[in-house]
Amino acid sequence: MSIFQKPPSTPEELEAARPLELSPEEVLKFDEAEWYARAYRGDAPQLTARAIAMGTVLGFFLSFTNVYIGLKTGWFLGVALTACILSYAIWSFLRTVGVAKTDMTILENNCMQSTASSAGYATGNVAVSAIPALLLLTVTDENRHGVQLAWPLMALWVLCLATFGVVLAIPMKRNLINREKLKFPSGTAAAVTLQGLYSKGDEAMKKARALLYAALASGLVPLLKDLEFLKVKKAGVVVGREALLPPSSNIFNLLPSPNVDGRAWKWSDWNVKLDHGVVLIAAGAIIGIRITGWMVLGGLFVAVFLGPLALETKWTSPAAMETAAHAKIVALKLLGPKAYATGMADALVAPKASGAAALPKSAWKEIGIWFGAPLLVASGLVQLAAQWRTIVRAISGMFGSAKKAEPSQEPSGYRAPAERDGDEKKPVVASPDDVEVPTKWFLYGLCGSGLAIIVVAALFFDIPPYFGLLAVGMTFVLALVSARATGESDITPGGAMGKIMQLTYGVLIPQSTTANLMTASITSGAGLATADLLNDLKSGYLLGANPRRQFLAQAMGILTGTIATTLGYFLLVPDATVLTGTPATDSMPAKDPAFPAPGAQQWLAVAKLFKTGTKNMHPMAVTCIKTGLIVGAILALVESLVPKKHKKYVPSPTGLGLGMILPFFSPFAMFLGAVLGEIATRANKAWAERYVVPLSAGVIAGESIVGVIVAGLNNFVLN
């Protein structure tokens, strides 16, 4: 099989490559034999150079959007639907102006979205979780910038994890998609979207125009609020730079605020302000009002109750007591016994009591994290446990697949396209062995990528090879569970899987936070890539695509995604100050964190907890951990037991936890977007279903892509 196919160039070839007359909903009901007989398109052009080129370009820029939004909110948004709409619109334009000679077929667009999704979605998870957490781990009072991982090492790690994840999908595909016919809702939606694009071209162009206009408008926002081209002078000397507009407005300072710890704080001190960006508003419109509403309540809980209580709850740590005791001995030697008689020594070396949070502005990451992160961990693990039937089916399916694949179980023959079209010529029999991804590809890929992960982990992250091997083995099983959960519910529990790995290595190597973070990134990153490929393969299955060619298209997107993810991360995060914010100086005001990175904050909290234990933690933080675990478990249990139609009335553990580990202005902006989306839906449901997602995707793409460029200008040109 040659890698690239020739695109159709004649009317006859275009007609042969037309979409199936069957809808994806009909194909969903086919068993494997019927799929080969009625849906499989044989060697119809799909893996063409132009499809891969389009997917590569779109995936490169869409990767920026996910790194940007992931560092802002902790969420990763699928890019397949956006890529489908953009590709169709761009190619239609190229046809109109005469640059392209023929239309891109539906199967070519399917391969295109595999490449784009691989580049824009499957490679970026580590850049918003483990890597920034590793950077935050190196921050000290003396070095607020932290120490970055070398970019070649980050790129190598991303490449290894994405390759490993894509390879893991090979043995799962036939069992989960062909035989069990799991729905994989995102993959099904992509197939339905593509089918709709080719049957309702005018509507597709309207969506594409809405997306484009939204992107152009939102692209202006970073130029106004983030591009620091204005010089700030003090006594005639340039002391810094600032943008044309401030990043936020302190509109809530007009409201009365309570006194805390003997001081009158403004609401803006607690991060209760209006963010001037639009990307979070767009993300909220997609996520919905239930989750974002509980995010706001979680943020208010920190700003109104937990944060003030943390400032007032004073405590002296054992480490401070030990330091004070040592200082007393030194004082005795220097000042003599009279110093104790007069109380002078005690006054000089008295241990200092501190609150559970130092300042209102940092309360979300000093005390909110210890309530929100355990809540998220517990809810994720309980939700996973509630899917125990899924876990059992995943494991039994893995060991039972060989039996199902015996020749006696297979259809005796498959009719090729020539036979379905009424051609009298003898059809070419299509065998699964010639169409499905070969097992040897899985074995070679598993050995190569798995060995690479073990070697890189041992050489650069000080993870012993036997622990690296254990991580690879555990990831295979956890990715299987994750893939099945995605197929059944469209939720990829990458976070919960990562937490399982963190808990495991927190026990095995508690002293190594690096090992804790990077082994978790193996499971989370690879699991996400596995689920993404299976979603794409499901889309192809419903359209009659060749899975082997689609696998190659997905694999080709990994390199592009690795480059874009690494570039985007280092442009956005030159050092840790963009994740932590900067304190006020004599010449410049304090800056909020540009990217709170809630995913990284969660991972870091778990890793630190295993390393240091609770002995030196503030008692209030310990109480928050215990309470968060209990609340998260209860809410997740209730959520899993309540009927789906009543779930909207149940508190969202995801929303509540995330609201506590983000500065308040982030969940508030997302809630505003959800409210706007809800208003649009109630005013005109048909319009909202047609345009809310394209408009939101355009806003996210516009601000994210321009935001990455602006960050590069600020950090490397204007700095």
# chains A, B, ... in the order shown; residues from 1 in each chain; ligands from 1

$ residues_around --residues "Pro246 in chain A" --least-positions-apart "6" --cutoff "10 Å" --atoms "only C-alpha atoms" --output "PDB file with C-alpha atoms, in the first residue's frame"
ATOM      1  CA  LEU A 224      -5.638  45.954  22.930  1.00  0.00           C
ATOM      2  CA  LYS A 225      -5.203  44.357  26.350  1.00  0.00           C
ATOM      3  CA  ASP A 226      -2.024  42.260  26.084  1.00  0.00           C
ATOM      4  CA  ASP A 275     -11.753  40.124  32.836  1.00  0.00           C
ATOM      5  CA  HIS A 276     -11.477  41.990  29.522  1.00  0.00           C
TER       6      HIS A 276
END

$ closest_residue --among "A:Ile291, A:Leu629, A:Ala80, A:Ala555" --to "Leu159 in chain A" --atoms "only C-alpha atoms"
A:Ala555

$ select_by_dssp --residues "range 60-299 of chain A" --states "helix (DSSP H, G or I)" --output "ChimeraX atom specification"
/A:60-73,80-96,106-122,125-128,130-137,151-168,170-179,185-199,201-218,220-225,251-254,267-270,279-287,289-299

$ write_last_selection --atoms "C-alpha atoms" --output "compact mmCIF listing (two decimals), in the first residue's frame"
# COMPACT_ATOMS: atom_id res chain seq x y z
CA PHE A 60 -0.75 23.72 13.84
CA PHE A 61 -2.81 26.82 14.60
CA LEU A 62 -5.58 24.99 16.47
CA SER A 63 -2.91 23.54 18.74
CA PHE A 64 -2.18 27.09 19.89
CA THR A 65 -5.82 27.51 20.86
CA ASN A 66 -5.80 24.46 23.12
CA VAL A 67 -2.54 25.35 24.85
CA TYR A 68 -3.91 28.86 25.40
CA ILE A 69 -7.34 27.80 26.68
CA GLY A 70 -5.86 24.89 28.65
CA LEU A 71 -3.51 27.17 30.57
CA LYS A 72 -6.41 29.57 31.18
CA THR A 73 -9.07 27.11 32.33
CA ALA A 80 -12.20 18.14 14.82
CA LEU A 81 -15.49 19.95 14.10
CA THR A 82 -13.76 23.32 13.75
CA ALA A 83 -11.22 21.78 11.38
CA CYS A 84 -13.98 20.20 9.26
CA ILE A 85 -15.85 23.49 8.83
CA LEU A 86 -12.69 25.51 8.13
CA SER A 87 -11.31 22.96 5.68
CA TYR A 88 -14.55 22.81 3.72
CA ALA A 89 -14.79 26.61 3.57
CA ILE A 90 -11.13 27.14 2.66
CA TRP A 91 -11.20 24.53 -0.08
CA SER A 92 -14.46 25.89 -1.46
CA PHE A 93 -12.82 29.32 -1.65
CA LEU A 94 -9.75 27.87 -3.39
CA ARG A 95 -12.06 26.20 -5.91
CA THR A 96 -13.89 29.48 -6.49
CA ILE A 106 -15.61 13.69 2.17
CA LEU A 107 -13.07 10.93 2.88
CA GLU A 108 -10.19 13.33 2.25
CA ASN A 109 -11.74 15.74 4.73
CA ASN A 110 -12.08 12.87 7.17
CA CYS A 111 -8.34 12.17 6.93
CA MET A 112 -7.73 15.90 7.19
CA GLN A 113 -9.60 16.13 10.49
CA SER A 114 -7.63 13.14 11.82
CA THR A 115 -4.37 14.97 11.15
CA ALA A 116 -5.71 18.27 12.52
CA SER A 117 -7.14 16.63 15.63
CA SER A 118 -3.91 14.77 16.30
CA ALA A 119 -1.92 17.99 15.99
CA GLY A 120 -4.37 20.29 17.75
CA TYR A 121 -5.72 18.07 20.52
CA ALA A 122 -3.84 14.83 21.16
CA ASN A 125 -2.28 17.88 27.37
CA VAL A 126 1.18 17.67 28.91
CA ALA A 127 1.80 21.35 28.12
CA VAL A 128 -1.04 22.47 30.40
CA ALA A 130 2.81 18.26 33.99
CA ILE A 131 5.22 20.70 32.31
CA PRO A 132 3.92 23.89 33.98
CA ALA A 133 3.63 21.97 37.27
CA LEU A 134 7.30 21.05 36.93
CA LEU A 135 8.10 24.73 36.38
CA LEU A 136 6.08 25.82 39.43
CA LEU A 137 7.97 23.25 41.47
CA TRP A 151 12.53 22.81 24.88
CA PRO A 152 14.12 19.83 23.05
CA LEU A 153 13.35 17.63 26.06
CA MET A 154 9.76 18.83 26.22
CA ALA A 155 9.30 18.22 22.48
CA LEU A 156 10.77 14.72 22.80
CA TRP A 157 8.48 13.89 25.72
CA VAL A 158 5.36 15.16 23.93
CA LEU A 159 6.32 13.19 20.81
CA CYS A 160 6.87 9.97 22.78
CA LEU A 161 3.58 10.23 24.70
CA ALA A 162 1.45 11.05 21.64
CA THR A 163 3.02 8.22 19.62
CA PHE A 164 2.51 5.79 22.49
CA GLY A 165 -1.14 6.81 22.82
CA VAL A 166 -1.87 6.47 19.11
CA VAL A 167 -0.26 3.03 19.04
CA LEU A 168 -2.31 1.85 22.02
CA ILE A 170 -4.64 -0.19 17.44
CA PRO A 171 -5.74 -3.33 19.34
CA MET A 172 -8.78 -1.53 20.78
CA LYS A 173 -10.31 -0.26 17.54
CA ARG A 174 -11.78 -3.42 16.10
CA ASN A 175 -13.27 -4.60 19.37
CA LEU A 176 -14.73 -1.27 20.52
CA ILE A 177 -15.88 0.10 17.14
CA ASN A 178 -16.46 -2.81 14.74
CA ARG A 179 -17.83 -5.39 17.14
CA PRO A 185 -20.27 10.65 20.43
CA SER A 186 -17.60 13.13 19.29
CA GLY A 187 -16.57 10.84 16.43
CA THR A 188 -20.20 10.33 15.47
CA ALA A 189 -20.76 14.10 15.57
CA ALA A 190 -17.77 14.65 13.28
CA ALA A 191 -19.18 12.14 10.76
CA VAL A 192 -22.62 13.75 10.89
CA THR A 193 -21.03 17.19 10.45
CA LEU A 194 -19.03 16.07 7.41
CA GLN A 195 -22.08 14.40 5.88
CA GLY A 196 -24.03 17.61 6.49
CA LEU A 197 -21.31 19.77 4.92
CA TYR A 198 -21.49 17.79 1.69
CA SER A 199 -25.29 17.71 1.59
CA GLY A 201 -23.06 23.31 1.47
CA ASP A 202 -24.77 26.70 1.89
CA GLU A 203 -25.38 26.15 5.58
CA ALA A 204 -21.78 25.03 6.02
CA MET A 205 -20.52 28.23 4.42
CA LYS A 206 -22.72 30.30 6.75
CA LYS A 207 -21.19 28.55 9.77
CA ALA A 208 -17.70 29.05 8.35
CA ARG A 209 -18.31 32.75 7.80
CA ALA A 210 -19.62 33.13 11.35
CA LEU A 211 -16.52 31.37 12.66
CA LEU A 212 -14.21 33.55 10.56
CA TYR A 213 -15.86 36.85 11.52
CA ALA A 214 -15.78 35.89 15.20
CA ALA A 215 -12.09 35.00 14.93
CA LEU A 216 -11.22 38.30 13.24
CA ALA A 217 -13.10 40.31 15.88
CA SER A 218 -11.68 38.43 18.88
CA LEU A 220 -8.24 42.37 18.14
CA VAL A 221 -8.65 41.77 21.89
CA PRO A 222 -5.06 40.66 22.67
CA LEU A 223 -3.75 43.59 20.62
CA LEU A 224 -5.64 45.95 22.93
CA LYS A 225 -5.20 44.36 26.35
CA ILE A 251 -16.27 47.20 38.78
CA PHE A 252 -17.20 45.27 41.93
CA ASN A 253 -15.22 47.61 44.18
CA LEU A 254 -18.35 49.79 44.27
CA TRP A 267 -13.25 43.03 46.13
CA SER A 268 -10.55 43.32 43.46
CA ASP A 269 -8.02 42.21 46.10
CA TRP A 270 -9.91 38.89 46.13
CA VAL A 279 -11.89 33.64 25.14
CA LEU A 280 -13.28 32.54 28.52
CA ILE A 281 -16.72 33.88 27.61
CA ALA A 282 -16.66 31.74 24.46
CA ALA A 283 -15.46 28.69 26.39
CA GLY A 284 -18.32 29.16 28.85
CA ALA A 285 -20.85 29.27 26.03
CA ILE A 286 -19.65 25.82 24.94
CA ILE A 287 -19.33 24.31 28.43
CA ILE A 289 -24.48 27.02 32.51
CA ARG A 290 -24.52 24.13 35.03
CA ILE A 291 -20.76 23.68 35.31
CA THR A 292 -19.88 27.37 35.00
CA GLY A 293 -22.57 28.33 37.52
CA TRP A 294 -21.02 26.02 40.10
CA MET A 295 -17.59 27.36 39.18
CA VAL A 296 -18.76 30.85 40.16
CA LEU A 297 -20.16 29.53 43.44
CA GLY A 298 -16.86 27.76 44.14
CA GLY A 299 -14.96 30.98 43.45

$ atom_distance --atom1 "CA of Tyr505 in chain A" --atom2 "CA of Trp603 in chain A"
12.6 Å

$ residues_around --residues "Asn719 in chain A" --least-positions-apart "6" --cutoff "10 Å" --atoms "only C-alpha atoms" --output "PyMOL selection string"
chain A and resi 228-229+240-241+712-713

$ write_last_selection --atoms "C-alpha atoms" --output "short mmCIF file (atom, residue, chain, number, x, y, z; two decimals), in the first residue's frame"
data_model
loop_
_atom_site.label_atom_id
_atom_site.label_comp_id
_atom_site.auth_asym_id
_atom_site.auth_seq_id
_atom_site.Cartn_x
_atom_site.Cartn_y
_atom_site.Cartn_z
CA GLU A 228 2.72 45.88 25.86
CA PHE A 229 3.92 48.53 23.43
CA GLY A 240 8.34 48.75 32.20
CA ARG A 241 5.70 48.42 29.52
CA GLY A 712 5.96 36.15 21.66
CA LEU A 713 6.27 39.85 20.84
#

$ closest_residue --among "A:Ile558, A:Ala51, A:Ile563, A:Ala479" --to "Leu534 in chain A" --atoms "only C-alpha atoms"
A:Ala479

$ atom_distance --atom1 "CA of Val456 in chain A" --atom2 "CA of Ala483 in chain A"
25.5 Å

$ closest_residue --among "A:Pro510, A:Gly673, A:Gly78, A:Pro589" --to "Val606 in chain A" --atoms "only C-alpha atoms"
A:Pro510

$ decode --residues "range 239-293 of chain A" --atoms "C-alpha atoms" --output "PDB file, in the first residue's frame"
ATOM      1  CA  VAL A 239      10.728  50.996  34.107  1.00  0.00           C
ATOM      2  CA  GLY A 240       8.338  48.748  32.201  1.00  0.00           C
ATOM      3  CA  ARG A 241       5.698  48.421  29.520  1.00  0.00           C
ATOM      4  CA  GLU A 242       1.940  48.222  29.474  1.00  0.00           C
ATOM      5  CA  ALA A 243      -0.882  47.577  27.024  1.00  0.00           C
ATOM      6  CA  LEU A 244      -3.412  50.066  25.730  1.00  0.00           C
ATOM      7  CA  LEU A 245      -6.169  48.636  27.947  1.00  0.00           C
ATOM      8  CA  PRO A 246      -5.888  47.038  31.402  1.00  0.00           C
ATOM      9  CA  PRO A 247      -6.525  43.277  31.556  1.00  0.00           C
ATOM     10  CA  SER A 248      -9.536  43.712  33.848  1.00  0.00           C
ATOM     11  CA  SER A 249     -11.925  46.216  35.450  1.00  0.00           C
ATOM     12  CA  ASN A 250     -12.541  46.581  39.182  1.00  0.00           C
ATOM     13  CA  ILE A 251     -16.272  47.198  38.776  1.00  0.00           C
ATOM     14  CA  PHE A 252     -17.195  45.269  41.929  1.00  0.00           C
ATOM     15  CA  ASN A 253     -15.222  47.614  44.177  1.00  0.00           C
ATOM     16  CA  LEU A 254     -18.348  49.793  44.271  1.00  0.00           C
ATOM     17  CA  LEU A 255     -19.976  47.139  46.469  1.00  0.00           C
ATOM     18  CA  PRO A 256     -19.329  47.102  50.225  1.00  0.00           C
ATOM     19  CA  SER A 257     -16.701  44.563  51.281  1.00  0.00           C
ATOM     20  CA  PRO A 258     -16.004  43.044  54.716  1.00  0.00           C
ATOM     21  CA  ASN A 259     -12.987  43.789  56.891  1.00  0.00           C
ATOM     22  CA  VAL A 260     -10.648  40.825  57.244  1.00  0.00           C
ATOM     23  CA  ASP A 261      -7.775  40.438  59.690  1.00  0.00           C
ATOM     24  CA  GLY A 262      -8.177  44.030  60.820  1.00  0.00           C
ATOM     25  CA  ARG A 263      -7.950  45.504  57.341  1.00  0.00           C
ATOM     26  CA  ALA A 264     -10.442  46.742  54.762  1.00  0.00           C
ATOM     27  CA  TRP A 265      -9.866  44.865  51.513  1.00  0.00           C
ATOM     28  CA  LYS A 266     -11.445  45.690  48.165  1.00  0.00           C
ATOM     29  CA  TRP A 267     -13.250  43.032  46.131  1.00  0.00           C
ATOM     30  CA  SER A 268     -10.550  43.325  43.461  1.00  0.00           C
ATOM     31  CA  ASP A 269      -8.024  42.209  46.096  1.00  0.00           C
ATOM     32  CA  TRP A 270      -9.909  38.891  46.135  1.00  0.00           C
ATOM     33  CA  ASN A 271      -9.792  38.686  42.294  1.00  0.00           C
ATOM     34  CA  VAL A 272     -13.486  39.606  42.077  1.00  0.00           C
ATOM     35  CA  LYS A 273     -13.232  41.656  38.909  1.00  0.00           C
ATOM     36  CA  LEU A 274     -14.276  41.640  35.241  1.00  0.00           C
ATOM     37  CA  ASP A 275     -11.753  40.124  32.836  1.00  0.00           C
ATOM     38  CA  HIS A 276     -11.477  41.990  29.522  1.00  0.00           C
ATOM     39  CA  GLY A 277     -10.757  38.887  27.450  1.00  0.00           C
ATOM     40  CA  VAL A 278     -13.412  37.106  25.404  1.00  0.00           C
ATOM     41  CA  VAL A 279     -11.891  33.636  25.139  1.00  0.00           C
ATOM     42  CA  LEU A 280     -13.279  32.539  28.519  1.00  0.00           C
ATOM     43  CA  ILE A 281     -16.716  33.880  27.606  1.00  0.00           C
ATOM     44  CA  ALA A 282     -16.657  31.737  24.456  1.00  0.00           C
ATOM     45  CA  ALA A 283     -15.462  28.693  26.392  1.00  0.00           C
ATOM     46  CA  GLY A 284     -18.318  29.164  28.849  1.00  0.00           C
ATOM     47  CA  ALA A 285     -20.855  29.269  26.027  1.00  0.00           C
ATOM     48  CA  ILE A 286     -19.655  25.820  24.940  1.00  0.00           C
ATOM     49  CA  ILE A 287     -19.329  24.306  28.429  1.00  0.00           C
ATOM     50  CA  GLY A 288     -22.783  25.341  29.617  1.00  0.00           C
ATOM     51  CA  ILE A 289     -24.478  27.018  32.514  1.00  0.00           C
ATOM     52  CA  ARG A 290     -24.517  24.132  35.028  1.00  0.00           C
ATOM     53  CA  ILE A 291     -20.760  23.679  35.313  1.00  0.00           C
ATOM     54  CA  THR A 292     -19.880  27.371  34.998  1.00  0.00           C
ATOM     55  CA  GLY A 293     -22.570  28.325  37.518  1.00  0.00           C
TER      56      GLY A 293
END
